[in-house]
$ cat protein-v7.txt   # compact mmCIF, C-alpha atoms
# COMPACT_ATOMS: atom_id res chain seq x y z
CA PHE E 19 110.91 97.26 68.43
CA SER E 20 112.97 99.66 66.32
CA VAL E 21 115.69 102.01 67.55
CA ARG E 22 113.30 104.92 67.19
CA ASP E 23 110.66 103.11 69.23
CA ARG E 24 113.28 102.27 71.87
CA ASN E 25 114.34 105.92 72.24
CA THR E 26 110.80 107.17 72.61
CA THR E 27 109.49 104.48 74.97
CA MET E 28 112.43 103.73 77.26
CA PRO E 29 112.06 106.86 79.48
CA THR E 30 108.47 105.84 80.25
CA ILE E 31 109.52 102.25 80.88
CA ASN E 32 112.34 103.45 83.14
CA ARG E 33 110.01 105.58 85.24
CA THR E 34 107.46 102.80 85.51
CA ALA E 35 110.15 100.22 86.32
CA LEU E 36 111.58 102.43 89.06
CA ALA E 37 108.10 102.94 90.49
CA ALA E 38 107.60 99.16 90.50
CA LEU E 39 110.99 98.63 92.16
CA ALA E 40 110.14 101.19 94.84
CA THR E 41 106.88 99.38 95.49
CA LEU E 42 108.69 96.03 95.72
CA LEU E 43 111.21 97.38 98.20
CA ALA E 44 108.49 98.99 100.30
CA CYS E 45 106.44 95.79 100.58
CA GLN E 46 109.18 93.17 100.47
CA SER E 47 107.98 91.60 103.71
CA SER E 48 104.72 90.67 101.95
CA LEU E 49 106.53 88.39 99.51
CA VAL E 50 106.17 85.39 101.82
CA LEU E 51 102.67 86.19 103.08
CA GLY E 52 100.43 83.21 102.44
CA PHE E 53 103.49 80.93 102.71
CA SER E 54 104.31 81.58 106.37
CA SER E 55 104.02 83.98 109.27
CA LEU E 56 105.27 87.53 108.72
CA PRO E 57 109.05 87.34 108.25
CA GLN E 58 111.83 89.44 109.69
CA ILE E 59 114.00 91.07 107.06
CA SER E 60 117.40 92.64 107.44
CA SER E 61 119.12 94.37 104.57
CA CYS E 62 122.56 93.58 103.25
CA SER E 63 124.34 94.56 100.08
CA HIS E 64 125.57 92.19 97.36
CA LEU E 65 126.15 89.12 99.49
CA ASN E 66 127.73 86.16 97.73
CA GLY E 67 127.27 83.43 100.32
CA GLY E 68 125.53 80.18 99.45
CA CYS E 69 122.66 78.47 101.21
CA VAL E 70 123.16 75.62 103.64
CA GLY E 71 121.22 72.58 102.44
CA LEU E 72 118.69 70.63 104.43
CA HIS E 73 118.28 66.91 103.85
CA SER E 74 115.15 65.66 102.14
CA ALA E 75 114.27 62.60 100.12
CA PRO E 76 112.32 63.43 96.97
CA THR E 77 111.52 60.54 94.70
CA THR E 78 110.72 60.20 91.02
CA ILE E 79 107.16 58.92 90.68
CA GLU E 80 105.40 58.18 87.41
CA SER E 81 101.92 59.67 87.32
CA ASN E 82 99.40 56.91 87.95
CA ILE E 83 95.96 58.44 88.38
CA VAL E 84 93.52 55.94 89.88
CA THR E 85 90.04 56.52 91.27
CA GLU E 86 88.91 55.16 94.63
CA ASN E 87 87.23 52.17 93.02
CA GLY E 88 90.50 51.21 91.32
CA SER E 89 89.64 52.26 87.76
CA LYS E 90 91.66 54.75 85.79
CA GLY E 91 90.40 58.32 86.32
CA THR E 92 92.33 59.97 83.51
CA ASP E 93 89.30 61.52 81.83
CA ASP E 94 87.90 62.73 85.15
CA VAL E 95 91.14 64.34 86.30
CA ASN E 96 91.77 65.97 82.94
CA GLU E 97 88.26 67.42 82.99
CA LEU E 98 88.71 68.74 86.52
CA ALA E 99 92.16 70.15 85.69
CA THR E 100 90.74 71.90 82.61
CA GLN E 101 87.90 73.30 84.68
CA LEU E 102 90.29 74.51 87.38
CA LEU E 103 92.71 76.22 85.00
CA SER E 104 89.97 77.80 82.89
CA THR E 105 88.27 79.14 86.02
CA CYS E 106 91.57 80.57 87.28
CA ALA E 107 92.14 82.19 83.88
CA GLU E 108 88.64 83.69 83.95
CA TYR E 109 88.86 85.00 87.52
CA GLY E 110 92.51 86.04 87.45
CA GLN E 111 95.79 85.15 89.13
CA ILE E 112 95.27 87.26 92.28
CA GLY E 113 92.84 85.52 94.60
CA SER E 114 92.80 88.37 97.12
CA LYS E 115 91.03 90.53 94.49
CA LEU E 116 88.21 88.02 94.03
CA THR E 117 84.95 87.71 95.91
CA GLU E 118 84.53 85.04 98.58
CA ASP E 119 82.25 83.10 96.25
CA GLU E 120 84.84 83.15 93.45
CA ARG E 121 87.60 81.95 95.77
CA ALA E 122 85.29 79.25 97.10
CA THR E 123 84.58 78.08 93.54
CA ILE E 124 88.29 77.64 92.86
CA ASP E 125 88.83 75.89 96.20
CA THR E 126 85.96 73.49 95.50
CA ILE E 127 87.34 72.46 92.11
CA ALA E 128 90.84 72.17 93.56
CA SER E 129 89.60 69.95 96.40
CA SER E 130 87.83 67.71 93.87
CA LEU E 131 91.24 66.81 92.44
CA SER E 132 92.58 65.46 95.74
CA PRO E 133 91.37 61.85 95.30
CA TYR E 134 93.29 61.66 92.02
CA THR E 135 96.67 62.87 93.24
CA ASP E 136 99.83 60.89 92.59
CA PRO E 137 100.98 58.93 95.66
CA ALA E 138 103.26 60.78 98.07
CA PRO E 139 103.01 64.13 96.22
CA ALA E 140 105.41 65.91 98.59
CA GLN E 141 108.16 63.43 97.73
CA ILE E 142 107.96 63.82 93.96
CA ASP E 143 111.15 65.11 92.35
CA LEU E 144 110.69 68.64 91.01
CA GLN E 145 112.95 70.12 88.36
CA GLY E 146 113.06 73.14 86.10
CA THR E 147 110.68 76.10 86.14
CA HIS E 148 107.03 76.03 87.18
CA GLU E 149 104.50 78.84 86.63
CA LEU E 150 101.97 80.17 89.12
CA ILE E 151 98.43 80.19 87.73
CA TYR E 152 96.55 81.26 90.85
CA SER E 153 97.22 82.25 94.44
CA ALA E 154 94.82 83.23 97.20
CA SER E 155 97.70 84.77 99.15
CA PRO E 156 97.20 88.41 100.15
CA GLY E 157 100.91 89.13 99.73
CA GLY E 158 103.42 89.62 96.95
CA SER E 159 103.89 85.86 96.52
CA SER E 160 100.77 85.98 94.32
CA GLY E 161 102.44 88.50 92.00
CA ALA E 162 100.43 91.43 93.34
CA ILE E 163 102.90 94.27 93.93
CA GLY E 164 100.94 97.43 94.66
CA PRO E 165 99.08 98.31 91.44
CA PHE E 166 101.26 95.92 89.41
CA VAL E 167 100.76 92.22 88.66
CA GLY E 168 103.89 90.21 87.94
CA LYS E 169 104.60 86.81 86.45
CA VAL E 170 105.44 84.35 89.23
CA THR E 171 107.58 81.25 88.74
CA GLN E 172 109.31 78.62 90.87
CA SER E 173 112.73 77.38 89.75
CA PHE E 174 114.08 74.24 91.42
CA LEU E 175 117.87 74.18 91.71
CA ASP E 176 118.24 70.79 93.43
CA ASP E 177 116.47 68.57 95.97
CA VAL E 178 116.54 71.34 98.56
CA ARG E 179 116.96 74.80 97.05
CA PHE E 180 114.47 76.68 94.92
CA ILE E 181 113.64 80.25 93.93
CA ASN E 182 110.26 81.98 93.91
CA ARG E 183 110.55 84.71 91.27
CA VAL E 184 108.29 87.69 90.48
CA GLU E 185 108.93 89.49 87.18
CA LEU E 186 107.44 92.77 86.02
CA PHE E 187 107.56 94.33 82.53
CA GLY E 188 108.95 91.20 80.94
CA GLY E 189 111.71 90.86 83.53
CA ILE E 190 112.92 94.47 83.56
CA VAL E 191 112.16 94.45 87.29
CA LYS E 192 112.62 91.17 89.13
CA VAL E 193 112.66 89.93 92.70
CA GLU E 194 113.89 86.49 93.73
CA LEU E 195 112.97 84.83 97.01
CA ASN E 196 115.49 82.09 97.78
CA ALA E 197 114.19 79.21 99.86
CA GLU E 198 114.88 75.66 101.00
CA ARG E 199 112.44 72.78 101.38
CA GLU E 200 112.34 69.74 103.63
CA VAL E 201 110.00 66.80 103.12
CA LEU E 202 108.00 66.14 106.29
CA ASP E 203 105.81 63.27 105.08
CA GLU E 204 104.00 62.12 101.96
CA SER E 205 101.88 65.27 101.62
CA ARG E 206 103.72 68.05 103.47
CA ILE E 207 106.94 69.99 103.10
CA ARG E 208 108.47 72.63 105.32
CA VAL E 209 109.81 75.70 103.51
CA LYS E 210 112.38 78.05 105.01
CA PHE E 211 112.98 81.39 103.33
CA LYS E 212 116.54 82.64 103.21
CA GLU E 213 116.93 85.90 101.29
CA THR E 214 115.50 88.19 98.67
CA ALA E 215 117.35 89.75 95.75
CA PHE E 216 116.10 92.66 93.63
CA TYR E 217 117.12 93.30 90.02
CA VAL E 218 116.56 96.07 87.48
CA PHE E 219 117.61 95.46 83.86
CA GLY E 220 119.47 92.38 85.07
CA ASN E 221 121.53 94.29 87.64
CA GLU E 222 121.24 93.40 91.31
CA VAL E 223 120.34 96.49 93.35
CA LYS E 224 119.64 95.00 96.76
CA ARG E 225 119.84 91.72 98.65
CA GLY E 226 118.31 91.07 102.07
CA GLU E 227 117.98 88.22 104.55
CA VAL E 228 114.48 86.83 105.14
CA LYS E 229 113.53 84.84 108.22
CA GLY E 230 110.29 82.98 107.68
CA SER E 231 109.03 79.44 107.34
CA GLY E 232 105.84 77.56 106.67
CA VAL E 233 104.37 74.15 105.93
CA TRP E 234 102.95 73.49 102.47
CA ASN E 235 100.25 70.85 102.22
CA TYR E 236 99.87 69.16 98.85
CA LYS E 237 96.25 68.63 97.79
CA PHE E 238 97.11 67.37 94.30
CA SER E 239 100.10 66.65 92.10
CA GLY E 240 99.91 64.84 88.80
CA SER E 241 100.42 64.90 85.05
CA VAL E 242 97.30 66.14 83.25
CA ASN E 243 96.22 66.85 79.70
CA VAL E 244 94.58 70.24 79.20
CA GLY E 245 93.56 71.20 75.70
CA GLY E 246 95.89 68.62 74.20
CA GLU E 247 98.87 69.89 76.19
CA ARG E 248 100.47 67.79 78.91
CA MET E 249 101.62 69.47 82.08
CA ARG E 250 102.33 68.76 85.73
CA LEU E 251 99.70 70.35 87.91
CA ARG E 252 100.26 71.04 91.59
CA VAL E 253 97.68 72.34 94.06
CA MET E 254 98.91 73.31 97.52
CA GLN E 255 97.60 75.01 100.63
CA THR E 256 100.04 77.14 102.59
CA PRO E 257 97.30 77.75 104.01
CA SER E 258 96.45 79.96 100.98
CA THR E 259 95.55 77.97 97.87
CA PHE E 260 98.21 77.90 95.14
CA VAL E 261 97.78 76.43 91.64
CA ILE E 262 101.06 75.84 89.78
CA VAL E 263 101.85 74.16 86.46
CA GLN E 264 104.89 72.98 84.53
CA LYS E 265 104.38 72.28 80.84
CA GLU E 266 105.94 69.04 79.70
$ encode --input "protein-v7.txt" --output "structure tokens"
Amino acid sequence: FSVRDRNTTMPTINRTALAALATLLACQSSLVLGFSSLPQISSCSHLNGGCVGLHSAPTTIESNIVTENGSKGTDDVNELATQLLSTCAEYGQIGSKLTEDERATIDTIASSLSPYTDPAPAQIDLQGTHELIYSASPGGSSGAIGPFVGKVTQSFLDDVRFINRVELFGGIVKVELNAEREVLDESRIRVKFKETAFYVFGNEVKRGEVKGSGVWNYKFSGSVNVGGERMRLRVMQTPSTFVIVQKE
């Protein structure tokens, strides 16, 4: 927008951003709800230490969708993926605000994808940034921060470390939840949360240690075509249902 627009709108944005930040700080323990048991958080200021890596063995697997009878199920899985994503778009990102019937509808479609998953979905190499489409979690991990709804992404730094990120107002307010993952078997990973960091206008204002962990169970992972666009779709239970995509 123009300089004039900036001068007239920024005070309102500042007040709203500060209100969102205050809400984030007040409910920071909810950021891992749905992922694990309630964490313990201790505050610290501007820590610069790195994370200690766990050892896991992700593998690069080419998507090879096959039905139980051995025939290719590409059309079936694309149809189910389209149905799942369109239903999530219709109902909304925050599952805790839906009715039981609406959540059950999403869970049913998500479960229908399970027979089509790539082999060993927990061991698939993940890179780059992935976007949350839906979460049944009652906490801030779904993007629900008080009255605000943020954009939620996962950024994978290497085979172990990743960041769950919630952004409000186009990134003016941002919280990052740093975590590490360990492959347990073909369908499960253990996630350990390390620390949260809060930012306003790109400036870090607080960093705190988080002690929490949980096991994520993959129900589906595969490359799908939705509306002519290819993307990697992941469906996990933590035990809350999460639907996450990465456009290819």
$ atom_distance --input "protein-v7.txt" --atom1 "CA of Glu108 in chain E" --atom2 "CA of Val193 in chain E"
26.3 Å
$ atom_distance --input "protein-v7.txt" --atom1 "CA of Pro156 in chain E" --atom2 "CA of Phe260 in chain E"
11.7 Å
$ residues_near_point --input "protein-v7.txt" --point "(93.8, 67.7, 95.2)" --cutoff "7 Å" --atoms "all atoms listed in the file" --output "PDB file with C-alpha atoms, in the frame of the given file"
ATOM      1  CA  ALA E 128      90.840  72.170  93.560  1.00  0.00           C
ATOM      2  CA  SER E 129      89.600  69.950  96.400  1.00  0.00           C
ATOM      3  CA  SER E 130      87.830  67.710  93.870  1.00  0.00           C
ATOM      4  CA  LEU E 131      91.240  66.810  92.440  1.00  0.00           C
ATOM      5  CA  SER E 132      92.580  65.460  95.740  1.00  0.00           C
ATOM      6  CA  PRO E 133      91.370  61.850  95.300  1.00  0.00           C
ATOM      7  CA  TYR E 134      93.290  61.660  92.020  1.00  0.00           C
ATOM      8  CA  THR E 135      96.670  62.870  93.240  1.00  0.00           C
ATOM      9  CA  LYS E 237      96.250  68.630  97.790  1.00  0.00           C
ATOM     10  CA  PHE E 238      97.110  67.370  94.300  1.00  0.00           C
ATOM     11  CA  VAL E 253      97.680  72.340  94.060  1.00  0.00           C
TER      12      VAL E 253
END
$ closest_residue --input "protein-v7.txt" --among "E:Ile142, E:Ile127, E:Leu103, E:Val233" --to "Arg206 in chain E" --atoms "all atoms listed in the file"
E:Val233
$ atom_distance --input "protein-v7.txt" --atom1 "CA of Ile181 in chain E" --atom2 "CA of Glu149 in chain E"
11.8 Å
$ closest_residue --input "protein-v7.txt" --among "E:Ser159, E:Asn235, E:Gln101, E:Asn221" --to "Leu202 in chain E" --atoms "all atoms listed in the file"
E:Asn235
$ closest_residue --input "protein-v7.txt" --among "E:Ala197, E:Val228, E:Leu175, E:Val261" --to "Ser104 in chain E" --atoms "only C-alpha atoms"
E:Val261
$ closest_residue --input "protein-v7.txt" --among "E:Val184, E:Ile124, E:Gly226, E:Phe174" --to "Asp143 in chain E" --atoms "all atoms listed in the file"
E:Phe174
$ residues_around --input "protein-v7.txt" --residues "Glu213 in chain E" --least-positions-apart "3" --cutoff "9 Å" --atoms "only C-alpha atoms" --output "JSON, numbers by chain"
{"E": [59, 194, 195, 196, 197, 225, 226, 227, 228, 229]}
$ write_last_selection --input "protein-v7.txt" --atoms "C-alpha atoms" --output "PDB file, keeping the file's coordinate frame"
ATOM      1  CA  ILE E  59     114.000  91.070 107.060  1.00  0.00           C
ATOM      2  CA  GLU E 194     113.890  86.490  93.730  1.00  0.00           C
ATOM      3  CA  LEU E 195     112.970  84.830  97.010  1.00  0.00           C
ATOM      4  CA  ASN E 196     115.490  82.090  97.780  1.00  0.00           C
ATOM      5  CA  ALA E 197     114.190  79.210  99.860  1.00  0.00           C
ATOM      6  CA  ARG E 225     119.840  91.720  98.650  1.00  0.00           C
ATOM      7  CA  GLY E 226     118.310  91.070 102.070  1.00  0.00           C
ATOM      8  CA  GLU E 227     117.980  88.220 104.550  1.00  0.00           C
ATOM      9  CA  VAL E 228     114.480  86.830 105.140  1.00  0.00           C
ATOM     10  CA  LYS E 229     113.530  84.840 108.220  1.00  0.00           C
TER      11      LYS E 229
END
$ build_atoms --input "protein-v7.txt" --residues "range 216-242 of chain E" --atoms "N, CA, C and O atoms" --output "PDB file, in the frame of the given file"
ATOM      1  N   PHE E 216     116.849  91.784  94.526  1.00  0.00           N
ATOM      2  CA  PHE E 216     116.100  92.660  93.630  1.00  0.00           C
ATOM      3  C   PHE E 216     116.980  93.041  92.440  1.00  0.00           C
ATOM      4  O   PHE E 216     118.164  93.371  92.616  1.00  0.00           O
ATOM      5  N   TYR E 217     116.378  93.018  91.248  1.00  0.00           N
ATOM      6  CA  TYR E 217     117.120  93.300  90.020  1.00  0.00           C
ATOM      7  C   TYR E 217     116.361  94.306  89.163  1.00  0.00           C
ATOM      8  O   TYR E 217     115.123  94.278  89.092  1.00  0.00           O
ATOM      9  N   VAL E 218     117.105  95.171  88.499  1.00  0.00           N
ATOM     10  CA  VAL E 218     116.560  96.070  87.480  1.00  0.00           C
ATOM     11  C   VAL E 218     117.455  95.973  86.257  1.00  0.00           C
ATOM     12  O   VAL E 218     118.679  96.134  86.362  1.00  0.00           O
ATOM     13  N   PHE E 219     116.857  95.664  85.100  1.00  0.00           N
ATOM     14  CA  PHE E 219     117.610  95.460  83.860  1.00  0.00           C
ATOM     15  C   PHE E 219     118.754  94.457  84.047  1.00  0.00           C
ATOM     16  O   PHE E 219     119.849  94.622  83.509  1.00  0.00           O
ATOM     17  N   GLY E 220     118.495  93.425  84.856  1.00  0.00           N
ATOM     18  CA  GLY E 220     119.470  92.380  85.070  1.00  0.00           C
ATOM     19  C   GLY E 220     120.540  92.688  86.086  1.00  0.00           C
ATOM     20  O   GLY E 220     121.386  91.832  86.395  1.00  0.00           O
ATOM     21  N   ASN E 221     120.529  93.891  86.652  1.00  0.00           N
ATOM     22  CA  ASN E 221     121.530  94.290  87.640  1.00  0.00           C
ATOM     23  C   ASN E 221     120.961  94.189  89.049  1.00  0.00           C
ATOM     24  O   ASN E 221     119.873  94.717  89.326  1.00  0.00           O
ATOM     25  N   GLU E 222     121.680  93.514  89.934  1.00  0.00           N
ATOM     26  CA  GLU E 222     121.240  93.400  91.310  1.00  0.00           C
ATOM     27  C   GLU E 222     121.396  94.743  92.018  1.00  0.00           C
ATOM     28  O   GLU E 222     122.451  95.360  91.985  1.00  0.00           O
ATOM     29  N   VAL E 223     120.313  95.195  92.665  1.00  0.00           N
ATOM     30  CA  VAL E 223     120.340  96.490  93.350  1.00  0.00           C
ATOM     31  C   VAL E 223     120.227  96.342  94.863  1.00  0.00           C
ATOM     32  O   VAL E 223     120.578  97.263  95.609  1.00  0.00           O
ATOM     33  N   LYS E 224     119.750  95.197  95.322  1.00  0.00           N
ATOM     34  CA  LYS E 224     119.640  95.000  96.760  1.00  0.00           C
ATOM     35  C   LYS E 224     119.466  93.528  97.064  1.00  0.00           C
ATOM     36  O   LYS E 224     118.857  92.793  96.283  1.00  0.00           O
ATOM     37  N   ARG E 225     120.017  93.089  98.177  1.00  0.00           N
ATOM     38  CA  ARG E 225     119.840  91.720  98.650  1.00  0.00           C
ATOM     39  C   ARG E 225     119.594  91.784 100.154  1.00  0.00           C
ATOM     40  O   ARG E 225     120.266  92.534 100.871  1.00  0.00           O
ATOM     41  N   GLY E 226     118.632  91.027 100.656  1.00  0.00           N
ATOM     42  CA  GLY E 226     118.310  91.070 102.070  1.00  0.00           C
ATOM     43  C   GLY E 226     117.954  89.715 102.627  1.00  0.00           C
ATOM     44  O   GLY E 226     117.376  88.868 101.928  1.00  0.00           O
ATOM     45  N   GLU E 227     118.299  89.478 103.872  1.00  0.00           N
ATOM     46  CA  GLU E 227     117.980  88.220 104.550  1.00  0.00           C
ATOM     47  C   GLU E 227     116.494  88.189 104.906  1.00  0.00           C
ATOM     48  O   GLU E 227     115.913  89.213 105.288  1.00  0.00           O
ATOM     49  N   VAL E 228     115.879  87.036 104.754  1.00  0.00           N
ATOM     50  CA  VAL E 228     114.480  86.830 105.140  1.00  0.00           C
ATOM     51  C   VAL E 228     114.415  85.680 106.130  1.00  0.00           C
ATOM     52  O   VAL E 228     114.991  84.622 105.889  1.00  0.00           O
ATOM     53  N   LYS E 229     113.725  85.891 107.226  1.00  0.00           N
ATOM     54  CA  LYS E 229     113.530  84.840 108.220  1.00  0.00           C
ATOM     55  C   LYS E 229     112.044  84.514 108.289  1.00  0.00           C
ATOM     56  O   LYS E 229     111.261  85.240 108.872  1.00  0.00           O
ATOM     57  N   GLY E 230     111.681  83.425 107.672  1.00  0.00           N
ATOM     58  CA  GLY E 230     110.290  82.980 107.680  1.00  0.00           C
ATOM     59  C   GLY E 230     110.228  81.529 107.286  1.00  0.00           C
ATOM     60  O   GLY E 230     111.114  81.022 106.601  1.00  0.00           O
ATOM     61  N   SER E 231     109.196  80.837 107.708  1.00  0.00           N
ATOM     62  CA  SER E 231     109.030  79.440 107.340  1.00  0.00           C
ATOM     63  C   SER E 231     107.553  79.086 107.355  1.00  0.00           C
ATOM     64  O   SER E 231     106.730  79.794 107.942  1.00  0.00           O
ATOM     65  N   GLY E 232     107.214  78.006 106.706  1.00  0.00           N
ATOM     66  CA  GLY E 232     105.840  77.560 106.670  1.00  0.00           C
ATOM     67  C   GLY E 232     105.751  76.134 106.176  1.00  0.00           C
ATOM     68  O   GLY E 232     106.711  75.594 105.621  1.00  0.00           O
ATOM     69  N   VAL E 233     104.610  75.518 106.385  1.00  0.00           N
ATOM     70  CA  VAL E 233     104.370  74.150 105.930  1.00  0.00           C
ATOM     71  C   VAL E 233     103.396  74.196 104.762  1.00  0.00           C
ATOM     72  O   VAL E 233     102.326  74.797 104.853  1.00  0.00           O
ATOM     73  N   TRP E 234     103.793  73.573 103.657  1.00  0.00           N
ATOM     74  CA  TRP E 234     102.950  73.490 102.470  1.00  0.00           C
ATOM     75  C   TRP E 234     102.314  72.112 102.413  1.00  0.00           C
ATOM     76  O   TRP E 234     102.994  71.092 102.483  1.00  0.00           O
ATOM     77  N   ASN E 235     101.003  72.094 102.253  1.00  0.00           N
ATOM     78  CA  ASN E 235     100.250  70.850 102.220  1.00  0.00           C
ATOM     79  C   ASN E 235      99.764  70.583 100.797  1.00  0.00           C
ATOM     80  O   ASN E 235      98.983  71.362 100.249  1.00  0.00           O
ATOM     81  N   TYR E 236     100.260  69.511 100.208  1.00  0.00           N
ATOM     82  CA  TYR E 236      99.870  69.160  98.850  1.00  0.00           C
ATOM     83  C   TYR E 236      98.448  68.584  98.842  1.00  0.00           C
ATOM     84  O   TYR E 236      98.150  67.629  99.532  1.00  0.00           O
ATOM     85  N   LYS E 237      97.586  69.171  98.004  1.00  0.00           N
ATOM     86  CA  LYS E 237      96.250  68.630  97.790  1.00  0.00           C
ATOM     87  C   LYS E 237      96.198  67.782  96.519  1.00  0.00           C
ATOM     88  O   LYS E 237      95.407  66.856  96.417  1.00  0.00           O
ATOM     89  N   PHE E 238      97.052  68.132  95.545  1.00  0.00           N
ATOM     90  CA  PHE E 238      97.110  67.370  94.300  1.00  0.00           C
ATOM     91  C   PHE E 238      98.442  67.602  93.615  1.00  0.00           C
ATOM     92  O   PHE E 238      98.969  68.712  93.596  1.00  0.00           O
ATOM     93  N   SER E 239      98.970  66.547  93.021  1.00  0.00           N
ATOM     94  CA  SER E 239     100.100  66.650  92.100  1.00  0.00           C
ATOM     95  C   SER E 239      99.968  65.517  91.095  1.00  0.00           C
ATOM     96  O   SER E 239      99.792  64.357  91.468  1.00  0.00           O
ATOM     97  N   GLY E 240     100.035  65.872  89.815  1.00  0.00           N
ATOM     98  CA  GLY E 240      99.910  64.840  88.800  1.00  0.00           C
ATOM     99  C   GLY E 240     100.078  65.402  87.408  1.00  0.00           C
ATOM    100  O   GLY E 240     100.016  66.620  87.192  1.00  0.00           O
ATOM    101  N   SER E 241     100.307  64.525  86.451  1.00  0.00           N
ATOM    102  CA  SER E 241     100.420  64.900  85.050  1.00  0.00           C
ATOM    103  C   SER E 241      99.034  64.892  84.429  1.00  0.00           C
ATOM    104  O   SER E 241      98.318  63.892  84.516  1.00  0.00           O
ATOM    105  N   VAL E 242      98.643  66.010  83.823  1.00  0.00           N
ATOM    106  CA  VAL E 242      97.300  66.140  83.250  1.00  0.00           C
ATOM    107  C   VAL E 242      97.404  66.588  81.802  1.00  0.00           C
ATOM    108  O   VAL E 242      98.441  67.098  81.353  1.00  0.00           O
TER     109      VAL E 242
END
